[in-house]
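Asks: So I've got this file, start08.txt, and it contains compact mmCIF, C-alpha atoms and all ligand atoms:
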```
# COMPACT_ATOMS: atom_id res chain seq x y z
CA MET A 1 -33.29 0.26 15.79
CA ASN A 2 -33.05 -3.50 15.64
CA ARG A 3 -30.93 -5.29 13.10
CA LEU A 4 -33.77 -6.49 10.89
CA ARG A 5 -35.31 -3.06 10.69
CA ARG A 6 -31.95 -1.54 9.86
CA VAL A 7 -31.48 -4.01 7.00
CA LEU A 8 -34.98 -3.27 5.71
CA VAL A 9 -34.32 0.46 5.84
CA MET A 10 -31.08 0.03 3.93
CA LEU A 11 -32.89 -2.08 1.32
CA GLY A 12 -35.57 0.57 1.13
CA LEU A 13 -32.98 3.26 0.55
CA LEU A 14 -31.42 1.19 -2.22
CA LEU A 15 -34.75 0.43 -3.89
CA THR A 16 -36.56 3.72 -3.67
CA GLY A 17 -33.95 6.38 -3.09
CA ALA A 18 -33.19 8.30 0.06
CA GLY A 19 -36.05 10.77 -0.33
CA ALA A 20 -38.73 8.21 0.42
CA HIS A 21 -37.18 7.51 3.78
CA ALA A 22 -36.34 11.02 4.85
CA ALA A 23 -37.53 10.27 8.38
CA GLU A 24 -34.69 7.76 8.73
CA LEU A 25 -32.00 10.29 7.80
CA PRO A 26 -30.47 12.62 10.39
CA ARG A 27 -31.96 16.10 10.60
CA PHE A 28 -28.44 17.50 10.69
CA GLU A 29 -24.98 16.12 10.21
CA VAL A 30 -21.78 17.82 11.31
CA VAL A 31 -18.31 16.89 10.09
CA ALA A 32 -15.48 18.07 12.34
CA LEU A 33 -12.60 19.52 10.30
CA GLY A 34 -10.84 20.88 13.38
CA VAL A 35 -11.85 20.75 17.02
CA THR A 36 -9.21 22.36 19.26
CA GLY A 37 -8.49 25.90 20.41
CA GLY A 38 -4.75 25.61 19.59
CA VAL A 39 -1.88 25.14 19.85
CA GLY A 40 -1.00 23.35 16.64
CA SER A 41 -2.24 24.84 13.37
CA ASP A 42 -3.80 21.76 11.74
CA ASN A 43 -6.74 21.07 14.10
CA LEU A 44 -8.43 24.45 14.73
CA SER A 45 -12.17 25.22 14.92
CA GLY A 46 -13.91 24.28 11.70
CA TYR A 47 -17.07 22.24 11.02
CA LEU A 48 -19.25 21.41 8.02
CA LEU A 49 -22.97 21.29 8.75
CA ARG A 50 -25.58 19.91 6.39
CA ALA A 51 -29.34 19.56 6.76
CA GLN A 52 -31.42 16.56 5.81
CA GLY A 53 -31.95 16.46 2.05
CA ASP A 54 -29.18 18.95 1.23
CA THR A 55 -26.09 18.00 -0.74
CA ARG A 56 -24.03 21.06 0.22
CA TYR A 57 -22.61 22.17 3.56
CA LEU A 58 -22.36 25.41 5.47
CA ALA A 59 -18.89 25.79 7.00
CA LEU A 60 -19.05 26.83 10.65
CA ASP A 61 -15.75 28.68 11.13
CA ALA A 62 -12.69 27.65 9.15
CA GLY A 63 -9.65 27.67 11.39
CA THR A 64 -8.59 24.44 9.71
CA LEU A 65 -10.10 23.66 6.32
CA VAL A 66 -8.27 21.58 3.70
CA SER A 67 -6.23 19.45 6.10
CA GLY A 68 -9.45 18.80 8.02
CA ILE A 69 -11.23 17.77 4.81
CA ASP A 70 -8.38 15.31 4.18
CA LYS A 71 -8.74 13.85 7.68
CA ALA A 72 -12.52 13.55 7.30
CA ARG A 73 -12.14 11.86 3.89
CA ALA A 74 -9.69 9.38 5.37
CA ARG A 75 -12.24 8.56 8.10
CA GLY A 76 -15.03 8.12 5.56
CA SER A 77 -16.92 11.16 6.88
CA LEU A 78 -16.81 12.99 3.54
CA LYS A 79 -17.14 11.64 0.01
CA GLY A 80 -15.37 12.97 -3.07
CA THR A 81 -11.99 14.52 -3.72
CA THR A 82 -10.67 17.30 -1.52
CA GLY A 83 -11.15 19.74 -4.41
CA GLU A 84 -14.75 18.65 -5.02
CA ILE A 85 -15.58 19.10 -1.34
CA LEU A 86 -13.91 22.50 -1.13
CA HIS A 87 -15.35 23.83 -4.39
CA ASP A 88 -18.77 22.21 -4.58
CA GLY A 89 -19.47 20.70 -1.17
CA ILE A 90 -19.13 23.95 0.75
CA ALA A 91 -21.89 26.35 -0.27
CA ALA A 92 -21.14 29.14 2.20
CA TYR A 93 -19.20 30.08 5.32
CA PHE A 94 -20.17 31.40 8.72
CA ILE A 95 -17.39 33.08 10.69
CA SER A 96 -18.20 33.51 14.38
CA HIS A 97 -15.47 36.08 15.05
CA GLY A 98 -12.25 37.28 13.51
CA HIS A 99 -9.68 35.46 15.64
CA LEU A 100 -7.05 33.79 13.49
CA ASP A 101 -7.81 30.29 14.81
CA HIS A 102 -11.28 30.57 13.25
CA VAL A 103 -10.31 31.94 9.83
CA ALA A 104 -6.79 30.70 9.00
CA GLY A 105 -7.99 27.67 7.02
CA LEU A 106 -10.30 29.81 4.89
CA LEU A 107 -7.51 32.28 4.11
CA ILE A 108 -4.89 29.67 3.28
CA ALA A 109 -7.29 27.67 1.06
CA SER A 110 -8.84 30.73 -0.58
CA PRO A 111 -6.68 30.82 -3.76
CA GLU A 112 -8.05 27.33 -4.55
CA ASP A 113 -11.66 28.12 -3.61
CA HIS A 114 -14.01 29.87 -5.98
CA GLY A 115 -17.63 30.48 -6.75
CA ASN A 116 -18.52 33.87 -5.22
CA LYS A 117 -19.41 32.17 -1.97
CA PRO A 118 -21.15 34.08 0.78
CA VAL A 119 -19.32 34.57 4.07
CA TYR A 120 -21.90 35.32 6.76
CA GLY A 121 -21.05 37.13 9.98
CA LEU A 122 -21.77 40.11 12.17
CA ALA A 123 -20.62 43.38 10.61
CA SER A 124 -17.90 43.73 13.25
CA THR A 125 -16.48 40.29 12.36
CA LEU A 126 -16.48 40.91 8.62
CA ASP A 127 -14.82 44.29 9.21
CA VAL A 128 -11.91 42.39 10.78
CA LEU A 129 -11.74 40.03 7.80
CA SER A 130 -11.72 42.94 5.39
CA ARG A 131 -9.42 45.28 7.31
CA ASP A 132 -6.91 42.85 8.84
CA TYR A 133 -6.70 39.93 6.40
CA PHE A 134 -8.14 40.68 2.93
CA ASN A 135 -6.06 43.88 2.64
CA TRP A 136 -3.34 42.99 0.08
CA GLU A 137 -0.80 42.99 2.92
CA ALA A 138 -1.78 40.11 5.22
CA TRP A 139 -3.42 38.39 2.22
CA PRO A 140 -4.70 39.26 -1.29
CA ASN A 141 -8.13 40.84 -1.20
CA LEU A 142 -10.29 37.99 -2.45
CA SER A 143 -13.36 39.54 -0.83
CA ASP A 144 -15.80 41.96 -2.44
CA ARG A 145 -15.02 44.98 -0.28
CA GLY A 146 -12.09 46.87 1.14
CA LYS A 147 -8.75 47.71 -0.43
CA ALA A 148 -8.82 47.81 -4.25
CA PRO A 149 -8.78 45.76 -6.29
CA ALA A 150 -11.41 43.70 -4.47
CA LEU A 151 -11.43 40.45 -6.45
CA GLY A 152 -14.86 39.38 -5.21
CA TRP A 153 -14.32 35.63 -4.80
CA TYR A 154 -16.08 35.86 -1.44
CA HIS A 155 -19.22 37.87 -0.82
CA LEU A 156 -19.04 39.25 2.73
CA VAL A 157 -22.59 39.40 4.05
CA ASP A 158 -23.26 41.45 7.21
CA GLU A 159 -26.14 39.95 9.13
CA THR A 160 -28.33 41.81 11.60
CA PRO A 161 -28.55 39.97 14.93
CA GLY A 162 -31.84 38.18 15.48
CA THR A 163 -32.97 38.35 11.84
CA TRP A 164 -33.54 35.21 9.79
CA PHE A 165 -31.73 34.92 6.44
CA PRO A 166 -31.52 32.13 3.86
CA VAL A 167 -28.25 30.18 3.72
CA GLN A 168 -27.43 30.27 0.02
CA GLY A 169 -27.07 26.88 -1.66
CA THR A 170 -28.85 25.04 1.14
CA SER A 171 -32.41 24.57 2.39
CA MET A 172 -31.51 26.20 5.71
CA SER A 173 -32.18 29.60 7.17
CA ALA A 174 -30.22 31.11 10.01
CA GLN A 175 -29.91 33.95 12.44
CA LEU A 176 -26.97 35.29 14.44
CA LEU A 177 -26.78 36.49 18.02
CA PRO A 178 -23.79 38.33 19.54
CA LEU A 179 -21.60 36.77 22.24
CA SER A 180 -19.06 38.29 24.64
CA HIS A 181 -15.54 37.00 24.05
CA ASP A 182 -12.96 39.04 25.93
CA SER A 183 -12.44 42.25 23.90
CA VAL A 184 -14.14 40.81 20.83
CA VAL A 185 -17.78 40.43 19.80
CA SER A 186 -18.22 36.77 18.87
CA SER A 187 -21.46 35.22 17.65
CA MET A 188 -23.77 32.24 17.70
CA ILE A 189 -25.57 30.96 14.60
CA LEU A 190 -28.93 29.27 14.93
CA LEU A 191 -29.70 27.07 11.93
CA ARG A 192 -33.21 26.10 10.95
CA ALA A 193 -34.15 23.29 8.54
CA GLY A 194 -37.89 22.69 8.45
CA ASP A 195 -38.92 22.35 12.08
CA ALA A 196 -35.44 21.33 13.30
CA TYR A 197 -32.78 23.64 14.75
CA TYR A 198 -29.04 23.51 15.55
CA ALA A 199 -27.16 26.13 17.58
CA TYR A 200 -23.43 26.68 17.01
CA PHE A 201 -21.68 29.04 19.42
CA GLY A 202 -18.43 30.78 18.59
CA ASP A 203 -15.99 31.41 21.42
CA THR A 204 -17.71 32.86 24.45
CA GLY A 205 -17.15 33.59 28.11
CA PRO A 206 -19.80 33.36 30.83
CA ASP A 207 -22.12 36.32 31.34
CA ALA A 208 -20.91 36.70 34.93
CA LEU A 209 -17.39 37.58 33.72
CA ALA A 210 -18.52 39.82 30.87
CA HIS A 211 -19.09 43.12 32.68
CA ASP A 212 -22.82 42.71 33.17
CA LYS A 213 -23.45 41.77 29.54
CA ARG A 214 -26.32 39.31 29.12
CA ASP A 215 -25.48 37.81 25.74
CA LEU A 216 -25.72 34.19 26.86
CA ALA A 217 -28.88 34.94 28.82
CA ASP A 218 -30.36 36.35 25.61
CA ALA A 219 -29.23 33.27 23.66
CA TRP A 220 -30.86 30.99 26.25
CA LYS A 221 -34.06 33.04 25.98
CA ALA A 222 -34.04 32.53 22.20
CA LEU A 223 -33.37 28.79 22.49
CA ALA A 224 -35.78 28.05 25.37
CA PRO A 225 -38.93 27.58 23.26
CA LEU A 226 -36.98 25.28 20.91
CA VAL A 227 -35.78 23.22 23.89
CA ARG A 228 -39.32 22.98 25.23
CA SER A 229 -40.67 21.71 21.90
CA HIS A 230 -37.68 19.37 21.33
CA ALA A 231 -36.99 21.20 18.07
CA LEU A 232 -33.38 21.94 19.10
CA LYS A 233 -31.46 18.89 17.86
CA GLY A 234 -28.02 19.95 19.04
CA LEU A 235 -26.12 22.71 20.77
CA GLN A 236 -22.41 23.18 20.13
CA ILE A 237 -20.35 25.32 22.47
CA GLU A 238 -16.82 25.75 23.69
CA VAL A 239 -15.09 24.64 26.87
CA SER A 240 -11.55 25.93 26.43
CA PHE A 241 -10.06 25.20 29.86
CA PRO A 242 -10.46 22.79 32.80
CA ASN A 243 -11.79 24.10 36.12
CA ASP A 244 -8.39 24.84 37.67
CA VAL A 245 -7.78 27.77 35.31
CA PRO A 246 -8.75 30.89 37.30
CA ASP A 247 -11.41 33.28 36.02
CA ALA A 248 -8.81 36.01 35.48
CA LYS A 249 -7.03 33.74 32.97
CA LEU A 250 -10.07 32.68 30.93
CA PHE A 251 -10.00 35.66 28.52
CA GLY A 252 -13.57 35.17 27.38
CA HIS A 253 -13.73 31.38 27.45
CA LEU A 254 -15.67 28.76 29.42
CA THR A 255 -14.65 26.03 31.87
CA PRO A 256 -16.84 22.99 32.71
CA ALA A 257 -18.11 24.75 35.84
CA TRP A 258 -19.09 27.84 33.87
CA LEU A 259 -20.75 25.84 31.07
CA LEU A 260 -22.74 23.81 33.61
CA ARG A 261 -23.86 27.05 35.25
CA GLU A 262 -24.89 28.52 31.91
CA LEU A 263 -26.75 25.31 30.95
CA GLN A 264 -28.56 25.59 34.28
CA ALA A 265 -29.69 29.03 33.14
CA LEU A 266 -30.92 27.53 29.85
CA ALA A 267 -32.78 24.83 31.79
CA GLU A 268 -34.46 27.44 34.00
CA ALA A 269 -35.46 29.47 30.94
CA SER A 270 -36.81 26.29 29.32
CA GLY A 271 -39.11 25.23 32.14
CA GLY A 272 -36.98 23.55 34.79
CA ALA A 273 -34.29 21.06 35.72
CA ASP A 274 -35.54 18.24 33.50
CA SER A 275 -35.94 20.28 30.33
CA LEU A 276 -32.45 19.58 28.96
CA ARG A 277 -32.47 15.85 29.67
CA GLY A 278 -31.06 14.03 26.63
CA LEU A 279 -30.12 17.21 24.72
CA THR A 280 -26.90 16.68 22.76
CA VAL A 281 -24.26 19.28 23.72
CA VAL A 282 -21.18 19.17 21.49
CA VAL A 283 -18.14 20.44 23.37
CA ASP A 284 -15.40 22.05 21.28
CA HIS A 285 -12.40 24.42 21.32
CA ILE A 286 -10.55 22.55 24.09
CA LYS A 287 -7.07 24.07 24.35
CA PRO A 288 -4.42 21.34 24.41
CA SER A 289 -1.52 21.54 26.84
CA LEU A 290 2.14 21.20 25.93
CA ASP A 291 2.68 19.60 29.34
CA PRO A 292 2.68 15.83 28.64
CA ALA A 293 1.40 15.17 32.16
CA ARG A 294 -1.75 17.23 31.58
CA ASP A 295 -4.71 16.08 29.45
CA PRO A 296 -7.23 18.95 29.27
CA ARG A 297 -9.70 16.92 27.19
CA ALA A 298 -9.85 14.13 29.79
CA LEU A 299 -10.10 16.66 32.63
CA ILE A 300 -12.90 18.58 30.93
CA ALA A 301 -14.83 15.40 30.08
CA ALA A 302 -14.56 14.17 33.68
CA GLN A 303 -15.53 17.53 35.16
CA LEU A 304 -18.57 17.87 32.89
CA ALA A 305 -19.65 14.29 33.66
CA ALA A 306 -19.27 14.85 37.40
CA GLY A 307 -21.50 17.94 37.32
CA ASN A 308 -24.07 16.73 34.78
CA VAL A 309 -27.15 16.88 36.99
CA LEU A 310 -29.19 18.15 34.03
CA GLY A 311 -28.69 14.87 32.15
CA VAL A 312 -27.47 16.39 28.89
CA HIS A 313 -25.57 14.21 26.42
CA PHE A 314 -22.05 15.63 26.13
CA VAL A 315 -20.16 14.79 22.93
CA PHE A 316 -16.44 15.44 22.38
CA PRO A 317 -15.75 15.24 18.65
CA SER A 318 -12.35 14.32 17.26
CA GLN A 319 -10.99 15.73 14.02
CA GLY A 320 -12.59 13.94 11.05
CA ASP A 321 -15.63 12.71 12.99
CA ARG A 322 -19.11 12.80 11.48
CA LEU A 323 -21.85 13.52 14.03
CA VAL A 324 -25.50 12.91 13.25
CA PHE A 325 -28.51 14.51 14.92
CA PRO A 326 -31.71 12.49 14.45
ZN ZN A 401 -11.52 33.53 19.90
```
Rewrite the coordinates I just gave you, this time as structure tokens.

Replies:
Amino acid sequence: MNRLRRVLVMLGLLLTGAGAHAAELPRFEVVALGVTGGVGSDNLSGYLLRAQGDTRYLALDAGTLVSGIDKARARGSLKGTTGEILHDGIAAYFISHGHLDHVAGLLIASPEDHGNKPVYGLASTLDVLSRDYFNWEAWPNLSDRGKAPALGWYHLVDETPGTWFPVQGTSMSAQLLPLSHDSVVSSMILLRAGDAYYAYFGDTGPDALAHDKRDLADAWKALAPLVRSHALKGLQIEVSFPNDVPDAKLFGHLTPAWLLRELQALAEASGGADSLRGLTVVVDHIKPSLDPARDPRALIAAQLAAGNVLGVHFVFPSQGDRLVFP
């Protein structure tokens, strides 16, 4: 967009309100509350996603929550006080799987959160939340099931894989698909807002290392028509380790080589090598190293760039970033 047009659009927004220029607003925006797969506790997987025209967000995992909101506010990616964003800005949560680095922020913030918010997940994930965390021993039972008294501040909502459901408090609908993640069933959420889609993957390993499971193949099959029609605006997926970590040490995670191979499978399902050209792929859950001589993020970025024959647009968010998907 040239400068003049940008100024005119801004004037238009001021004069007539944002609704009249909906086409100029992003279809989705994602605010990164936490982006790493460890090893510190203040920057773990957590994102806020909002669709065009919505005021409220769906939280995608909540490994880090309040400290991530603070970082995002400081960067200008979120407006309002931390309390307003936590209470009113977040309409609902999606938890991809029960690992602590995806739920710790939700648990720690929960006494200050309220509003009977839905927590969406596969039944197996929400069983972990109920049994292992909201059990009056690990944490008070603020959920609406499990060990009495169930205080009901969060409404745990089991979702059937592959079935669309409305995301309460937003204009979006969503469906979940299971993923293989070491000994755990993880999940992907596909968000739909009008004719635009966004796919957020929880932790996952490659199909080839998942004992003949075909969970990613099934996900690619589901996404292929959306890739073909350019309705998929973004795809967010993990790359936990650089390529020198051997398969036996991945424990249900991806390396650049494995992600590139899986994206090749998506391209084939979507009609060929050129079908992913320009697709934004958000890379998350990079595990930092305590070795000061090793920079996994730089290694992963270089290895993905070197193998990017499909021409996708890799994005590596930092904590507090706001990403927009036109
Ligand atoms: Zn995990």

Asks: Using only C-alpha atoms and all ligand atoms, which protein or nucleic acid residues are at most 12 Å from ligand ZN 401 (chain A), as a PyMOL selection string?

Replies: chain A and resi 36-38+44-45+61+63+95-103+125+179-187+201-205+238-240+250-254+285-287

Asks: Go ahead and write the selection's residues with C-alpha atoms as an mmCIF file, in the frame of the given file.

Replies:
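Below is the file out04.cif, written as the result:
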```cif
data_model
loop_
_atom_site.group_PDB
_atom_site.id
_atom_site.type_symbol
_atom_site.label_atom_id
_atom_site.label_comp_id
_atom_site.auth_asym_id
_atom_site.auth_seq_id
_atom_site.Cartn_x
_atom_site.Cartn_y
_atom_site.Cartn_z
ATOM 1 C CA THR A 36 -9.210 22.360 19.260
ATOM 2 C CA GLY A 37 -8.490 25.900 20.410
ATOM 3 C CA GLY A 38 -4.750 25.610 19.590
ATOM 4 C CA LEU A 44 -8.430 24.450 14.730
ATOM 5 C CA SER A 45 -12.170 25.220 14.920
ATOM 6 C CA ASP A 61 -15.750 28.680 11.130
ATOM 7 C CA GLY A 63 -9.650 27.670 11.390
ATOM 8 C CA ILE A 95 -17.390 33.080 10.690
ATOM 9 C CA SER A 96 -18.200 33.510 14.380
ATOM 10 C CA HIS A 97 -15.470 36.080 15.050
ATOM 11 C CA GLY A 98 -12.250 37.280 13.510
ATOM 12 C CA HIS A 99 -9.680 35.460 15.640
ATOM 13 C CA LEU A 100 -7.050 33.790 13.490
ATOM 14 C CA ASP A 101 -7.810 30.290 14.810
ATOM 15 C CA HIS A 102 -11.280 30.570 13.250
ATOM 16 C CA VAL A 103 -10.310 31.940 9.830
ATOM 17 C CA THR A 125 -16.480 40.290 12.360
ATOM 18 C CA LEU A 179 -21.600 36.770 22.240
ATOM 19 C CA SER A 180 -19.060 38.290 24.640
ATOM 20 C CA HIS A 181 -15.540 37.000 24.050
ATOM 21 C CA ASP A 182 -12.960 39.040 25.930
ATOM 22 C CA SER A 183 -12.440 42.250 23.900
ATOM 23 C CA VAL A 184 -14.140 40.810 20.830
ATOM 24 C CA VAL A 185 -17.780 40.430 19.800
ATOM 25 C CA SER A 186 -18.220 36.770 18.870
ATOM 26 C CA SER A 187 -21.460 35.220 17.650
ATOM 27 C CA PHE A 201 -21.680 29.040 19.420
ATOM 28 C CA GLY A 202 -18.430 30.780 18.590
ATOM 29 C CA ASP A 203 -15.990 31.410 21.420
ATOM 30 C CA THR A 204 -17.710 32.860 24.450
ATOM 31 C CA GLY A 205 -17.150 33.590 28.110
ATOM 32 C CA GLU A 238 -16.820 25.750 23.690
ATOM 33 C CA VAL A 239 -15.090 24.640 26.870
ATOM 34 C CA SER A 240 -11.550 25.930 26.430
ATOM 35 C CA LEU A 250 -10.070 32.680 30.930
ATOM 36 C CA PHE A 251 -10.000 35.660 28.520
ATOM 37 C CA GLY A 252 -13.570 35.170 27.380
ATOM 38 C CA HIS A 253 -13.730 31.380 27.450
ATOM 39 C CA LEU A 254 -15.670 28.760 29.420
ATOM 40 C CA HIS A 285 -12.400 24.420 21.320
ATOM 41 C CA ILE A 286 -10.550 22.550 24.090
ATOM 42 C CA LYS A 287 -7.070 24.070 24.350
#
```

Asks: Could you check how far CA of Arg277 (chain A) sits from CA of Leu310 (chain A), in Å to one decimal?

Replies: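 Computing the Euclidean distance for CA of Arg277 (chain A) and CA of Leu310 (chain A) yields 5.9 Å.
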
Asks: Which polymer residues, whether protein, DNA or RNA, lie within 8 Å of the coordinate (-16.2, 38.9, 7.8) when you count all atoms listed in the file? List them as a PyMOL selection string, using the chain letters and numbers from the file.

Replies: chain A and resi 95+97-98+119-130+156-158

Asks: So the first atom is CA of Lys213 (chain A) and the second is CA of Ala62 (chain A); what is the distance between them in Å, to one decimal place?

Replies: 27.0 Å

Asks: Looking at all atoms listed in the file, which of A:Asp244, A:Asp284, A:Glu112, A:Asp88 is the one that sits closest to Val315 (chain A)?

Replies: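 Nearest candidate to Val315 (chain A) out of A:Asp244, A:Asp284, A:Glu112, A:Asp88: A:Asp284.
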
Asks: Quick one: distance from CA of Tyr57 (chain A) to CA of Ala104 (chain A) in Å, one decimal?

Replies: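 Going from CA of Tyr57 (chain A) over to CA of Ala104 (chain A) covers 18.8 Å.
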
Asks: Which is closest to Val282 (chain A) among A:Asn43, A:Ser318, A:Gln303, A:Gln236, if we use only C-alpha atoms?

Replies: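 Distance minimum relative to Val282 (chain A) lands on A:Gln236.
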
Asks: Would you mind telling me which residue in A:Ala269, A:Ile108, A:Leu260, A:Ala51 lies nearest to Lys233 (chain A) when using all atoms listed in the file?

Replies: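 Distance minimum relative to Lys233 (chain A) lands on A:Ala51.
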
Asks: Around region 81-99 of chain A, with edges along x, y and z and 6 Å added on all six sides, what centre and edge lengths do you get, in Å to one decimal, as lines of an AutoDock Vina configuration file?

Replies:
```
center_x = -15.8
center_y = 25.9
center_z = 5.3
size_x = 24.2
size_y = 34.8
size_z = 32.7
```

Asks: Could you check which of A:Leu58, A:Leu279, A:Val66, A:Leu107 is closest to Pro166 (chain A), using all atoms listed in the file?

Replies: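 For Pro166 (chain A), the nearest of the candidates is A:Leu58.
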